[in-house]
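Visitor: Okay, here's the structure, questions in a sec.
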Amino acid sequence: MKKPSTNPRSNVRRKTREELNQEGRDRKREKKHRGHASGSRANGGSAASGSGKGKPQKDPRVGSKKPIPLGVTDTPVNKQHKPKSEKPMLSPQAELEMLETDERLDALLERLEEGETLSAEDQTWVNAKLDRIDELMQTLGLSYDDDEEEEEGKEDMMRLLKGGN
């Protein structure tokens, strides 16, 4: 006896065009998400590190790893470094004594008294130091000895004008 043959195709239902389109879209969506995750090159691959389990992995990025704040922050990022002054702050009296005993200033003033001409740099330095001495003497209330001589000179001039001695 012969068995009735069953055709495998006869039992399979044919898919509609909409079902085929939907399956195609699903396949395309799955293909789209293949490959490495975004940023995997910069962050380093965790799957590639199979041999060095005991060591911490070296960062593959080149350059400084210090985090840089992006955007506006409340605290100032750049710290202003105050330049350290070359000489400590002295009292006006101590600074005046230091300037009066300065060997370079004395030597340059002696050269000026002898009639030598100084270089422009030396002359500006001398002028700055003499101006500073004047300021310090004014703040301390000191006066030059030359002031007394000028007053005596005025008295002598008055005597000469009056026809005295």
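Please note that chains go A, B, ... in the order of the structure tokens, that every chain numbers its residues from 1, and that ligands are numbered from 1 in the order shown.
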Leaving out stretch 124-134 of chain A and any residue of its chain fewer than 2 positions from it, which residues lie within 12 Å of it when counting only C-alpha atoms, given as a VMD selection string?
Guide: chain A and resid 92 to 112 118 to 122 136 to 144
Visitor: How many Å separate atom CA of A:Asn43 from atom CA of A:Gln57?
Guide: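 Taking atom CA of A:Asn43 as the start and atom CA of A:Gln57 as the end point, the length is 11.3 Å.
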Visitor: To one decimal place, how far is atom CA of A:Glu135 from atom CA of A:Ser91 in Å?
Guide: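 Rounded to one decimal, the two atoms are 13.0 Å apart.
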Visitor: Have a look at atom CA of A:Arg41 and atom CA of A:Pro60 and let me know their distance in Å, one decimal.
Guide: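 If I compute the distance from atom CA of A:Arg41 to atom CA of A:Pro60, I get 9.0 Å.
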